[in-house]
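Taking it in order: structure first as structure tokens, then the write-up.
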Amino acid sequence: MTTAVEFSSVSRRFGEVKAVDQVSLKIAEGEFFSMLGPSGSGKTTCLRLIAGFEQPSDGYIIIHGRDATGLPPYQRNVNTVFQDYALFPHMNVLDNIAYGLMVKGVAKKERLTRAAEALDMVALGEYGSRKPAQLSGGQRQRIALARALVNRPKVLLLDEPLGALDLKLREQMQSELKSLQRQLGITFIFVTHDQTEALSMSDRVAVFNNGRIEQMDSPRNLYNRPATAFVAEFVGTSNVLSGSLTEQLNLSGKSFALRPEYITLNSSDEQQDIRLQGRVCDVQYQGANTRYEIELPGGARVNASEANSILSQADAPRAGDSVTVSWHSDAMIELQAQAGER
Amino acid sequence: MHSEKASVWLKAAAWGGLVFLHFPIFIIALYAFNTEESAFSFPPPGLTTKWFAVAFSRNDVLESIGLSLQIACMATLLALLLGTLAAAALYRRNFFGRDSITLMMILPIALPGIITGLALLSAFKALDIQPGIMTIVIGHATFCVVIVYNNVVARFRRTSHSLIEASMDLGADGWQTFRYIILPNLGTAMLAGGMLAFALSFDELIVTTFTAGHEKPLPIWLLNQLTRPRDVPVTNVVALMVMLVTMIPVLLAYLLTRGGEDVAGSGK
């Protein structure tokens with residue numbers, strides 16, 4: 001499989017601030033790749049480096065085998081869907097979509113035909129003559145997508161494109177984006193701070209923190225085998241076990257991630273080889289499951305999450321109850337102190 | 001008592017204020033049609049349009065109007081060029097001294113005209129430049145640039161920067177982005193700024209007095225008329241013309257820039 005985008009120890013500094021710090025990555029052609037991280041973690045700067053809105057301070061960027069370092073945005077075969085959509089307010093929808101073709105000198109008849117096709121692709125065929133101001137947020141989102149895709153880019157960059165939409169629409173757009181990507185076979189690079197979004201759509205996810213990639217892996221591995229405490233806590237929720245608690249378990253000096261759903265309360269399952277006595281501090285009912293905050297001897301606290309069933313409701317532990325917490329030792333994932341040691 | 005309707009007194013005060021402001025204009029308009037030659041009896045004994053014919057057959061009137069139009073056009077063009085460039089340079093980039101430069105850009109409009117005029121006059125004297133059309137144009141440009149700058153910089157700030165990035169992203173180079181994205185978004189702001197600048201230049205008296213030398217643009221011609229009253233209604237006719245020439249662009253500028261309170265291109 002050929003490489004669509006390659007970063008080779010790319011850094012981007014703004015004055016003293018290292019927005020992107022020595023990032024190396026390879027994104028395969030046709031891959032749905034997500035950059036996940038909190039705000040200010042460098043994921044958006046990485047996207048802007050690929051688009052050409054920023055240039056690296058160090059390192060180089062290769063897009064489809066061609067050194068793109070220093071190339072302006074208009075000489076790169078990539079297109080962007082902007083967070084605020086950036087539709088041109090003085091043009092109607094069809095002219096917005098045809099803009100990329102127009103500046104490349106495609107004849108009027110052909111570009112309008114292709115723009116109309118792109119509009120049909122996002123199911124807004126009859127909206128061509130409207131102005132962007134006359135559309136809803138979800139519709140603008142689709143127009144922005146059509147405007148980028150009509151240029152048949154090799155790589156499509158999406159900068160938190162679903163952030164402004166409400167939950168229902170967001171979920172619908174997620175599956176539409178995913179099926180569009182499969183159908184077109186274009187490399188999608190998707191920036192988001194929403195871990196559910198990243199996990200559900202991507203082939204691979206890079207988790208950013210402080211300008212570096214903490215971990216780059218498939219969603220399943222990212223969730224099941226987080227490499228660092230940051231990843232364990234940012235992707236889903238995790239208990240990070242360290243200090244006195246790991247000493248009690250004769251695992252001193254290391255830290256471990258443990259997902260709340262792998263901890264069971266008052267279980268008689270003999271395979272759960274780690275058993276501790278604890279006290280329930282807090283109970284949060286969350287509908288499908290219940291979350292318990294449990295204080296262990298020595299003062300460490302862990303979160304446990306149990307699925308609710310009709311039968312278990314009556315004898316569920318309450319705050320203040322003593323409980324036996326248990327888990328399988330395989331559920332504990334050893335963490336590295338810092339990124340990049342693996 | 002709170003009610004949606006304004007009270008009678010408030011309405012009366014508002015109308016009173018408007019009448020106070022616009023009554024003199026009405027008087028000038030009325031006496032432009034006066035049949036008397038040099039007296040202001042009220043009401044005018046009769047109305048006639050003959051002064052319009054007289055005014056337009058007098059060479060000094062036509063020359064003054066022509067000169068003022070010429071000056072206003074040149075000052076406006078200069079202001080459009082400099083004001084737009086200044087706005088483009090200052091609206092976004094953060095560099096040392098930006099705020100001072102912005103203040104210096106805007107200052108000429110706050111300075112009393114007499115100061116600007118004196119300063120320009122002594123500067124021209126020091127540089128040994130003969131007063132003439134060019135010195136008037138330069139004098140007018142000092143405040144016309146500010147008007148254009150203010151209009152354009154406001155539009156720049158309301159235009160989302162991602163529009164420019166989106167254009168480049170879609171394959172447009174710098175010139176195409178300017179031609180298809182920036183200019184159409186700035187267009188009405190530039191037009192509005194230009195029209196206001198034109199109107200300001202056309203009837204500017206104080207700065208003109210200091211920089212005109214022997215030239216006689218319209219405001220100076222009008223002032224001279226008042227000291228040597230000859231055909232008073234002709235003066236009123238010309239004043240009426242000045243009013244129309246300045247008011248129409250101002251109205252158009254208002255129509256062009258009202259509405260559109262949202263930031264262009266960032267609506268979600």
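Convention: chains lettered A, B, ... in structure tokens order; per-chain residue numbering from 1; ligands numbered from 1 as shown.
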If you count only C-alpha atoms, which residues fall within 10 Å of region 105-113 of chain B, apart from same-chain ones fewer than 3 positions away, as a PDB file with N, CA, C and O atoms, in the first residue's frame?
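The result, written out as selection12.pdb:
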ATOM      1  N   GLY B  83      -6.067  53.689   1.777  1.00  0.00           N
ATOM      2  CA  GLY B  83      -6.886  53.192   2.882  1.00  0.00           C
ATOM      3  C   GLY B  83      -7.036  51.683   2.848  1.00  0.00           C
ATOM      4  O   GLY B  83      -6.930  51.002   3.871  1.00  0.00           O
ATOM      5  N   ALA B  86      -3.715  50.023   3.705  1.00  0.00           N
ATOM      6  CA  ALA B  86      -3.437  50.145   5.134  1.00  0.00           C
ATOM      7  C   ALA B  86      -4.292  49.170   5.928  1.00  0.00           C
ATOM      8  O   ALA B  86      -3.810  48.506   6.859  1.00  0.00           O
ATOM      9  N   ALA B  87      -5.566  49.055   5.550  1.00  0.00           N
ATOM     10  CA  ALA B  87      -6.461  48.139   6.259  1.00  0.00           C
ATOM     11  C   ALA B  87      -5.962  46.704   6.116  1.00  0.00           C
ATOM     12  O   ALA B  87      -5.923  45.940   7.082  1.00  0.00           O
ATOM     13  N   ASP B  99      -0.403  49.284  17.112  1.00  0.00           N
ATOM     14  CA  ASP B  99      -1.424  50.138  17.704  1.00  0.00           C
ATOM     15  C   ASP B  99      -1.119  51.615  17.475  1.00  0.00           C
ATOM     16  O   ASP B  99      -2.017  52.415  17.218  1.00  0.00           O
ATOM     17  N   SER B 100       0.174  51.968  17.561  1.00  0.00           N
ATOM     18  CA  SER B 100       0.542  53.367  17.324  1.00  0.00           C
ATOM     19  C   SER B 100       0.237  53.760  15.888  1.00  0.00           C
ATOM     20  O   SER B 100      -0.288  54.843  15.625  1.00  0.00           O
ATOM     21  N   ILE B 101       0.553  52.862  14.961  1.00  0.00           N
ATOM     22  CA  ILE B 101       0.303  53.178  13.558  1.00  0.00           C
ATOM     23  C   ILE B 101      -1.195  53.315  13.314  1.00  0.00           C
ATOM     24  O   ILE B 101      -1.646  54.227  12.619  1.00  0.00           O
ATOM     25  N   THR B 102      -1.977  52.408  13.928  1.00  0.00           N
ATOM     26  CA  THR B 102      -3.426  52.495  13.779  1.00  0.00           C
ATOM     27  C   THR B 102      -3.935  53.841  14.292  1.00  0.00           C
ATOM     28  O   THR B 102      -4.740  54.510  13.636  1.00  0.00           O
ATOM     29  N   THR B 116      -4.917  70.723  10.813  1.00  0.00           N
ATOM     30  CA  THR B 116      -4.467  70.003   9.623  1.00  0.00           C
ATOM     31  C   THR B 116      -4.069  71.002   8.538  1.00  0.00           C
ATOM     32  O   THR B 116      -3.007  70.882   7.926  1.00  0.00           O
ATOM     33  N   GLY B 117      -4.922  72.002   8.345  1.00  0.00           N
ATOM     34  CA  GLY B 117      -4.663  72.975   7.291  1.00  0.00           C
ATOM     35  C   GLY B 117      -3.373  73.736   7.530  1.00  0.00           C
ATOM     36  O   GLY B 117      -2.525  73.844   6.637  1.00  0.00           O
ATOM     37  N   LEU B 118      -3.201  74.239   8.771  1.00  0.00           N
ATOM     38  CA  LEU B 118      -1.981  74.988   9.103  1.00  0.00           C
ATOM     39  C   LEU B 118      -0.742  74.123   8.931  1.00  0.00           C
ATOM     40  O   LEU B 118       0.260  74.550   8.350  1.00  0.00           O
ATOM     41  N   ALA B 119      -0.833  72.892   9.434  1.00  0.00           N
ATOM     42  CA  ALA B 119       0.305  71.984   9.363  1.00  0.00           C
ATOM     43  C   ALA B 119       0.682  71.729   7.909  1.00  0.00           C
ATOM     44  O   ALA B 119       1.853  71.788   7.533  1.00  0.00           O
ATOM     45  N   GLY B 139      -4.265  67.421   0.900  1.00  0.00           N
ATOM     46  CA  GLY B 139      -4.929  67.847   2.130  1.00  0.00           C
ATOM     47  C   GLY B 139      -6.200  67.053   2.382  1.00  0.00           C
ATOM     48  O   GLY B 139      -6.446  66.568   3.485  1.00  0.00           O
ATOM     49  N   ALA B 141      -6.918  64.140   1.150  1.00  0.00           N
ATOM     50  CA  ALA B 141      -6.618  62.713   1.321  1.00  0.00           C
ATOM     51  C   ALA B 141      -6.334  62.382   2.781  1.00  0.00           C
ATOM     52  O   ALA B 141      -6.626  61.272   3.230  1.00  0.00           O
ATOM     53  N   THR B 142      -5.799  63.353   3.558  1.00  0.00           N
ATOM     54  CA  THR B 142      -5.467  63.035   4.950  1.00  0.00           C
ATOM     55  C   THR B 142      -6.674  62.498   5.713  1.00  0.00           C
ATOM     56  O   THR B 142      -6.542  61.565   6.489  1.00  0.00           O
ATOM     57  N   PHE B 143      -7.827  63.089   5.489  1.00  0.00           N
ATOM     58  CA  PHE B 143      -8.995  62.538   6.218  1.00  0.00           C
ATOM     59  C   PHE B 143      -9.788  61.524   5.387  1.00  0.00           C
ATOM     60  O   PHE B 143     -10.446  60.658   5.939  1.00  0.00           O
ATOM     61  N   CYS B 144      -9.708  61.615   4.052  1.00  0.00           N
ATOM     62  CA  CYS B 144     -10.420  60.632   3.224  1.00  0.00           C
ATOM     63  C   CYS B 144      -9.850  59.230   3.425  1.00  0.00           C
ATOM     64  O   CYS B 144     -10.585  58.239   3.444  1.00  0.00           O
ATOM     65  N   VAL B 145      -8.518  59.131   3.582  1.00  0.00           N
ATOM     66  CA  VAL B 145      -7.888  57.826   3.811  1.00  0.00           C
ATOM     67  C   VAL B 145      -8.487  57.171   5.052  1.00  0.00           C
ATOM     68  O   VAL B 145      -8.782  55.979   5.057  1.00  0.00           O
ATOM     69  N   VAL B 146      -8.704  57.961   6.096  1.00  0.00           N
ATOM     70  CA  VAL B 146      -9.236  57.413   7.346  1.00  0.00           C
ATOM     71  C   VAL B 146     -10.616  56.818   7.135  1.00  0.00           C
ATOM     72  O   VAL B 146     -10.936  55.738   7.632  1.00  0.00           O
ATOM     73  N   ILE B 147     -11.447  57.546   6.362  1.00  0.00           N
ATOM     74  CA  ILE B 147     -12.812  57.073   6.122  1.00  0.00           C
ATOM     75  C   ILE B 147     -12.779  55.721   5.412  1.00  0.00           C
ATOM     76  O   ILE B 147     -13.447  54.765   5.832  1.00  0.00           O
ATOM     77  N   TYR B 149     -10.228  53.644   5.241  1.00  0.00           N
ATOM     78  CA  TYR B 149      -9.573  52.673   6.126  1.00  0.00           C
ATOM     79  C   TYR B 149     -10.575  52.101   7.130  1.00  0.00           C
ATOM     80  O   TYR B 149     -10.672  50.885   7.305  1.00  0.00           O
ATOM     81  N   ASN B 150     -11.344  52.987   7.781  1.00  0.00           N
ATOM     82  CA  ASN B 150     -12.295  52.519   8.791  1.00  0.00           C
ATOM     83  C   ASN B 150     -13.324  51.559   8.207  1.00  0.00           C
ATOM     84  O   ASN B 150     -13.640  50.533   8.790  1.00  0.00           O
ATOM     85  N   GLU B 204     -15.441  70.236   1.681  1.00  0.00           N
ATOM     86  CA  GLU B 204     -14.480  70.598   2.728  1.00  0.00           C
ATOM     87  C   GLU B 204     -13.991  72.037   2.516  1.00  0.00           C
ATOM     88  O   GLU B 204     -13.486  72.393   1.454  1.00  0.00           O
ATOM     89  N   LEU B 205     -14.160  72.860   3.571  1.00  0.00           N
ATOM     90  CA  LEU B 205     -13.799  74.265   3.433  1.00  0.00           C
ATOM     91  C   LEU B 205     -12.462  74.600   4.096  1.00  0.00           C
ATOM     92  O   LEU B 205     -11.579  75.199   3.483  1.00  0.00           O
ATOM     93  N   ILE B 206     -12.296  74.149   5.362  1.00  0.00           N
ATOM     94  CA  ILE B 206     -11.185  74.671   6.156  1.00  0.00           C
ATOM     95  C   ILE B 206      -9.834  74.244   5.583  1.00  0.00           C
ATOM     96  O   ILE B 206      -8.976  75.069   5.277  1.00  0.00           O
ATOM     97  N   VAL B 207      -9.664  72.910   5.425  1.00  0.00           N
ATOM     98  CA  VAL B 207      -8.393  72.424   4.891  1.00  0.00           C
ATOM     99  C   VAL B 207      -8.156  73.013   3.505  1.00  0.00           C
ATOM    100  O   VAL B 207      -7.039  73.392   3.146  1.00  0.00           O
ATOM    101  N   THR B 208      -9.255  73.151   2.731  1.00  0.00           N
ATOM    102  CA  THR B 208      -9.135  73.700   1.383  1.00  0.00           C
ATOM    103  C   THR B 208      -8.611  75.136   1.420  1.00  0.00           C
ATOM    104  O   THR B 208      -7.753  75.522   0.624  1.00  0.00           O
ATOM    105  N   PHE B 210      -6.637  76.546   3.391  1.00  0.00           N
ATOM    106  CA  PHE B 210      -5.197  76.648   3.649  1.00  0.00           C
ATOM    107  C   PHE B 210      -4.359  76.123   2.490  1.00  0.00           C
ATOM    108  O   PHE B 210      -3.207  76.499   2.347  1.00  0.00           O
TER     109      PHE B 210
END
Identify every residue of chain A that has at least one atom within 10 Å of any atom of chain B, counting only C-alpha atoms, and report the result as number ranges by chain.
-> A: 51-53, 72-91, 96-104, 132-133, 135-141, 144, 147-148, 150-151, 153, 164-165
Among B:Ala253, B:Ala126, B:Val238, B:Leu120, Trp221 (chain B) is approached most closely, using only C-alpha atoms, by B:Val238
DSSP alpha helix (DSSP H) selection over region 45-220 of chain B, as a VMD selection string | chain B and resid 50 to 57 59 to 90 98 to 110 113 to 126 133 to 158 161 to 169 174 to 177 183 to 202 206 to 211 218 to 220
Write down as a PyMOL selection string the residues of region 142-286 of chain A whose backbone DSSP state falls under strand (DSSP E or B).
-> chain A and resi 155-159+187-192+204-209+212-217+228+239-241+255-258+264-265+274-285
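Across A:Ile274, A:Leu241, A:Leu251, A:Leu222, the tightest approach to Arg301 (chain A) is made by A:Leu241 when counting only C-alpha atoms.
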Neighbours of Gln225 (chain B) within 12 Å (only C-alpha atoms; same-chain residues fewer than 5 positions away dropped), as a list of chain:residue names?
-> B:Asp60, B:Val61, B:Lys216, B:Leu218, B:Pro219, B:Ile220, B:Arg230, B:Asp231, B:Val232, B:Pro233, B:Val234, B:Thr235, B:Asn236, B:Val238, B:Ala239
Excluding region 63-71 of chain B and residues on its chain fewer than 2 positions from it, collect all residues at most 10 Å away from it, counting only C-alpha atoms, and give them as a short mmCIF file (atom, residue, chain, number, x, y, z; two decimals) with all heavy atoms, in the first residue's frame.
data_model
loop_
_atom_site.label_atom_id
_atom_site.label_comp_id
_atom_site.auth_asym_id
_atom_site.auth_seq_id
_atom_site.Cartn_x
_atom_site.Cartn_y
_atom_site.Cartn_z
N ARG B 58 -23.11 80.69 -15.72
CA ARG B 58 -21.97 81.47 -15.24
C ARG B 58 -20.72 80.62 -15.21
O ARG B 58 -20.67 79.56 -14.59
CB ARG B 58 -22.28 82.02 -13.84
CG ARG B 58 -22.99 83.36 -13.91
CD ARG B 58 -23.36 83.85 -12.57
NE ARG B 58 -22.22 84.00 -11.67
CZ ARG B 58 -22.33 84.58 -10.48
NH1 ARG B 58 -23.50 85.03 -10.06
NH2 ARG B 58 -21.28 84.70 -9.71
N ASN B 59 -19.68 81.11 -15.86
CA ASN B 59 -18.46 80.34 -15.98
C ASN B 59 -17.78 80.07 -14.64
O ASN B 59 -17.25 78.98 -14.41
CB ASN B 59 -17.48 81.05 -16.91
CG ASN B 59 -17.67 80.58 -18.33
OD1 ASN B 59 -18.20 79.48 -18.56
ND2 ASN B 59 -17.27 81.39 -19.28
N ASP B 60 -17.79 81.08 -13.74
CA ASP B 60 -17.10 80.88 -12.46
C ASP B 60 -17.74 79.75 -11.66
O ASP B 60 -17.06 78.95 -11.02
CB ASP B 60 -17.05 82.19 -11.66
CG ASP B 60 -18.45 82.74 -11.39
OD1 ASP B 60 -19.36 82.43 -12.17
OD2 ASP B 60 -18.61 83.48 -10.39
N VAL B 61 -19.09 79.64 -11.75
CA VAL B 61 -19.78 78.55 -11.06
C VAL B 61 -19.37 77.21 -11.64
O VAL B 61 -18.98 76.28 -10.92
CB VAL B 61 -21.31 78.72 -11.18
CG1 VAL B 61 -22.02 77.52 -10.59
CG2 VAL B 61 -21.76 80.00 -10.51
N CYS B 73 -12.66 63.53 -6.81
CA CYS B 73 -12.39 62.24 -7.47
C CYS B 73 -10.96 61.80 -7.18
O CYS B 73 -10.73 60.64 -6.81
CB CYS B 73 -12.59 62.35 -8.97
SG CYS B 73 -14.31 62.39 -9.42
N MET B 74 -10.01 62.72 -7.31
CA MET B 74 -8.61 62.34 -7.10
C MET B 74 -8.37 61.96 -5.64
O MET B 74 -7.71 60.96 -5.35
CB MET B 74 -7.69 63.48 -7.53
CG MET B 74 -7.61 63.61 -9.03
SD MET B 74 -6.18 64.56 -9.56
CE MET B 74 -6.69 66.22 -9.20
N ALA B 75 -8.91 62.78 -4.72
CA ALA B 75 -8.73 62.48 -3.29
C ALA B 75 -9.34 61.13 -2.95
O ALA B 75 -8.78 60.34 -2.20
CB ALA B 75 -9.36 63.58 -2.44
N THR B 76 -10.51 60.82 -3.56
CA THR B 76 -11.17 59.55 -3.28
C THR B 76 -10.35 58.38 -3.80
O THR B 76 -10.18 57.38 -3.11
CB THR B 76 -12.57 59.54 -3.92
OG1 THR B 76 -13.29 60.67 -3.45
CG2 THR B 76 -13.31 58.28 -3.58
N LEU B 77 -9.84 58.52 -5.02
CA LEU B 77 -9.03 57.43 -5.58
C LEU B 77 -7.79 57.18 -4.73
O LEU B 77 -7.46 56.03 -4.40
CB LEU B 77 -8.61 57.78 -7.01
CG LEU B 77 -9.69 57.56 -8.06
CD1 LEU B 77 -9.17 57.93 -9.44
CD2 LEU B 77 -10.15 56.10 -8.03
N ILE B 133 -3.94 72.39 -7.25
CA ILE B 133 -4.86 71.24 -7.16
C ILE B 133 -4.23 70.11 -6.36
O ILE B 133 -4.86 69.54 -5.46
CB ILE B 133 -5.21 70.72 -8.56
CG1 ILE B 133 -6.03 71.77 -9.31
CG2 ILE B 133 -6.02 69.43 -8.45
CD1 ILE B 133 -6.60 71.26 -10.60
N MET B 134 -2.96 69.81 -6.63
CA MET B 134 -2.34 68.67 -5.95
C MET B 134 -2.28 68.86 -4.44
O MET B 134 -2.51 67.91 -3.69
CB MET B 134 -0.92 68.42 -6.50
CG MET B 134 -0.88 67.61 -7.79
SD MET B 134 -2.23 66.44 -8.02
CE MET B 134 -1.79 65.21 -6.81
N THR B 135 -1.99 70.09 -3.99
CA THR B 135 -1.93 70.29 -2.54
C THR B 135 -3.32 70.15 -1.91
O THR B 135 -3.45 69.60 -0.82
CB THR B 135 -1.36 71.68 -2.20
OG1 THR B 135 -2.11 72.67 -2.89
CG2 THR B 135 0.10 71.79 -2.58
N ILE B 136 -4.34 70.58 -2.63
CA ILE B 136 -5.71 70.38 -2.10
C ILE B 136 -6.01 68.89 -2.00
O ILE B 136 -6.54 68.40 -0.99
CB ILE B 136 -6.77 71.06 -2.99
CG1 ILE B 136 -6.43 72.53 -3.22
CG2 ILE B 136 -8.15 70.94 -2.36
CD1 ILE B 136 -7.40 73.23 -4.14
N VAL B 137 -5.66 68.15 -3.05
CA VAL B 137 -5.93 66.71 -3.06
C VAL B 137 -5.22 66.05 -1.89
O VAL B 137 -5.81 65.23 -1.17
CB VAL B 137 -5.49 66.09 -4.40
CG1 VAL B 137 -5.51 64.57 -4.31
CG2 VAL B 137 -6.39 66.55 -5.52
N ILE B 138 -3.96 66.41 -1.68
CA ILE B 138 -3.21 65.81 -0.57
C ILE B 138 -3.87 66.17 0.76
O ILE B 138 -4.05 65.30 1.63
CB ILE B 138 -1.74 66.28 -0.60
CG1 ILE B 138 -1.03 65.67 -1.82
CG2 ILE B 138 -1.01 65.87 0.68
CD1 ILE B 138 0.33 66.24 -2.10
N HIS B 140 -7.00 66.87 1.34
CA HIS B 140 -8.25 66.11 1.50
C HIS B 140 -7.98 64.64 1.77
O HIS B 140 -8.70 63.99 2.52
CB HIS B 140 -9.12 66.27 0.26
CG HIS B 140 -9.74 67.62 0.13
ND1 HIS B 140 -10.72 67.90 -0.79
CD2 HIS B 140 -9.52 68.76 0.81
CE1 HIS B 140 -11.07 69.17 -0.66
NE2 HIS B 140 -10.35 69.71 0.29
N ALA B 141 -6.92 64.14 1.15
CA ALA B 141 -6.62 62.71 1.32
C ALA B 141 -6.33 62.38 2.78
O ALA B 141 -6.63 61.27 3.23
CB ALA B 141 -5.44 62.31 0.44
N PHE B 198 -15.70 60.98 -0.86
CA PHE B 198 -16.02 61.92 -1.93
C PHE B 198 -16.87 63.07 -1.39
O PHE B 198 -16.60 64.25 -1.63
CB PHE B 198 -16.78 61.17 -3.03
CG PHE B 198 -17.13 62.02 -4.21
CD1 PHE B 198 -16.24 62.16 -5.26
CD2 PHE B 198 -18.35 62.67 -4.26
CE1 PHE B 198 -16.55 62.94 -6.36
CE2 PHE B 198 -18.68 63.47 -5.35
CZ PHE B 198 -17.78 63.60 -6.40
N ALA B 199 -17.90 62.71 -0.62
CA ALA B 199 -18.80 63.73 -0.09
C ALA B 199 -18.06 64.67 0.85
O ALA B 199 -18.28 65.89 0.83
CB ALA B 199 -19.96 63.06 0.64
N SER B 201 -14.85 65.38 0.84
CA SER B 201 -13.90 66.20 0.08
C SER B 201 -14.62 67.30 -0.67
O SER B 201 -14.15 68.43 -0.74
CB SER B 201 -13.12 65.32 -0.88
OG SER B 201 -12.49 66.09 -1.86
N PHE B 202 -15.79 66.97 -1.21
CA PHE B 202 -16.49 67.89 -2.09
C PHE B 202 -16.86 69.19 -1.38
O PHE B 202 -16.81 70.26 -1.97
CB PHE B 202 -17.75 67.22 -2.65
CG PHE B 202 -18.38 67.97 -3.77
CD1 PHE B 202 -17.76 68.05 -5.01
CD2 PHE B 202 -19.59 68.62 -3.60
CE1 PHE B 202 -18.33 68.74 -6.05
CE2 PHE B 202 -20.18 69.33 -4.64
CZ PHE B 202 -19.55 69.39 -5.87
N ASP B 203 -17.20 69.12 -0.11
CA ASP B 203 -17.62 70.36 0.57
C ASP B 203 -16.68 70.76 1.70
O ASP B 203 -17.04 71.54 2.57
CB ASP B 203 -19.06 70.25 1.07
CG ASP B 203 -19.20 69.23 2.18
OD1 ASP B 203 -18.21 68.54 2.47
OD2 ASP B 203 -20.30 69.12 2.74
N GLU B 204 -15.44 70.24 1.68
CA GLU B 204 -14.48 70.60 2.73
C GLU B 204 -13.99 72.04 2.52
O GLU B 204 -13.49 72.39 1.45
CB GLU B 204 -13.30 69.63 2.70
CG GLU B 204 -12.11 70.04 3.53
CD GLU B 204 -12.42 70.13 5.03
OE1 GLU B 204 -13.24 69.32 5.50
OE2 GLU B 204 -11.86 71.00 5.70
N GLU B 215 -6.48 78.69 -6.39
CA GLU B 215 -7.60 77.91 -6.94
C GLU B 215 -8.89 78.26 -6.20
O GLU B 215 -8.86 78.65 -5.03
CB GLU B 215 -7.31 76.41 -6.81
CG GLU B 215 -6.04 75.95 -7.51
CD GLU B 215 -6.20 75.95 -9.01
OE1 GLU B 215 -7.36 76.06 -9.49
OE2 GLU B 215 -5.18 75.85 -9.72
N LYS B 216 -10.02 78.10 -6.90
CA LYS B 216 -11.31 78.40 -6.27
C LYS B 216 -12.25 77.22 -6.37
O LYS B 216 -13.16 77.21 -7.20
CB LYS B 216 -11.94 79.63 -6.94
CG LYS B 216 -11.45 80.94 -6.37
CD LYS B 216 -12.46 82.03 -6.66
CE LYS B 216 -12.08 83.32 -5.98
NZ LYS B 216 -10.66 83.66 -6.13
N PRO B 217 -12.08 76.23 -5.52
CA PRO B 217 -13.07 75.15 -5.52
C PRO B 217 -14.39 75.66 -4.94
O PRO B 217 -14.44 76.75 -4.37
CB PRO B 217 -12.45 74.08 -4.62
CG PRO B 217 -11.13 74.58 -4.21
CD PRO B 217 -11.02 76.02 -4.55
N LEU B 218 -15.40 74.85 -5.04
CA LEU B 218 -16.76 75.27 -4.72
C LEU B 218 -16.92 75.88 -3.32
O LEU B 218 -17.53 76.94 -3.19
CB LEU B 218 -17.70 74.08 -4.92
CG LEU B 218 -19.13 74.44 -5.26
CD1 LEU B 218 -19.18 75.46 -6.39
CD2 LEU B 218 -19.87 73.19 -5.65
N PRO B 219 -16.41 75.23 -2.26
CA PRO B 219 -16.63 75.81 -0.92
C PRO B 219 -16.06 77.22 -0.82
O PRO B 219 -16.67 78.10 -0.20
CB PRO B 219 -15.87 74.85 0.00
CG PRO B 219 -15.76 73.60 -0.76
CD PRO B 219 -15.66 73.98 -2.20
N ILE B 220 -14.90 77.44 -1.45
CA ILE B 220 -14.30 78.78 -1.39
C ILE B 220 -15.10 79.77 -2.23
O ILE B 220 -15.31 80.92 -1.84
CB ILE B 220 -12.83 78.69 -1.85
CG1 ILE B 220 -12.06 77.86 -0.83
CG2 ILE B 220 -12.23 80.07 -2.02
CD1 ILE B 220 -10.58 77.85 -1.01
N TRP B 221 -15.59 79.31 -3.34
CA TRP B 221 -16.44 80.16 -4.19
C TRP B 221 -17.66 80.61 -3.40
O TRP B 221 -18.05 81.77 -3.41
CB TRP B 221 -16.85 79.38 -5.44
CG TRP B 221 -17.70 80.19 -6.37
CD1 TRP B 221 -17.28 81.01 -7.37
CD2 TRP B 221 -19.13 80.28 -6.35
NE1 TRP B 221 -18.32 81.60 -7.98
CE2 TRP B 221 -19.49 81.18 -7.38
CE3 TRP B 221 -20.15 79.71 -5.58
CZ2 TRP B 221 -20.82 81.51 -7.66
CZ3 TRP B 221 -21.46 80.04 -5.85
CH2 TRP B 221 -21.79 80.92 -6.88
N LEU B 222 -18.27 79.63 -2.67
CA LEU B 222 -19.47 79.94 -1.88
C LEU B 222 -19.16 80.98 -0.81
O LEU B 222 -19.92 81.92 -0.61
CB LEU B 222 -19.99 78.66 -1.21
CG LEU B 222 -20.94 77.81 -2.04
CD1 LEU B 222 -21.25 76.51 -1.31
CD2 LEU B 222 -22.23 78.58 -2.30
N VAL B 238 -26.46 76.97 -5.92
CA VAL B 238 -25.21 76.21 -5.84
C VAL B 238 -25.15 75.42 -4.54
O VAL B 238 -24.75 74.25 -4.52
CB VAL B 238 -24.00 77.16 -5.99
CG1 VAL B 238 -22.70 76.38 -5.80
CG2 VAL B 238 -24.01 77.82 -7.35
N MET B 241 -27.07 72.38 -4.90
CA MET B 241 -26.34 71.40 -5.70
C MET B 241 -25.31 70.65 -4.83
O MET B 241 -25.20 69.42 -4.89
CB MET B 241 -25.58 72.08 -6.86
CG MET B 241 -26.45 72.77 -7.88
SD MET B 241 -27.68 71.68 -8.60
CE MET B 241 -26.58 70.48 -9.29
N VAL B 242 -24.56 71.45 -4.03
CA VAL B 242 -23.55 70.82 -3.16
C VAL B 242 -24.21 69.79 -2.25
O VAL B 242 -23.73 68.67 -2.07
CB VAL B 242 -22.84 71.91 -2.30
CG1 VAL B 242 -21.91 71.25 -1.28
CG2 VAL B 242 -22.05 72.84 -3.19
N VAL B 245 -25.10 66.71 -4.20
CA VAL B 245 -23.92 65.93 -4.59
C VAL B 245 -23.33 65.20 -3.38
O VAL B 245 -22.82 64.10 -3.49
CB VAL B 245 -22.87 66.85 -5.24
CG1 VAL B 245 -21.54 66.12 -5.41
CG2 VAL B 245 -23.36 67.33 -6.58
#
Near Ala316 (chain A), within 12 Å and counting only C-alpha atoms, which residues show up once chain neighbours fewer than 2 positions away are dropped, as a list in words?
-> Thr264, Leu265, Asn266, Val280, Val283, Gln284, Tyr285, Asn289, Thr290, Arg291, Tyr292, Glu306, Ala307, Asn308, Ser309, Ile310, Leu311, Ser312, Gln313, Ala314, Arg318, Ala319, Asp321, Ser322 and Val323 of chain A
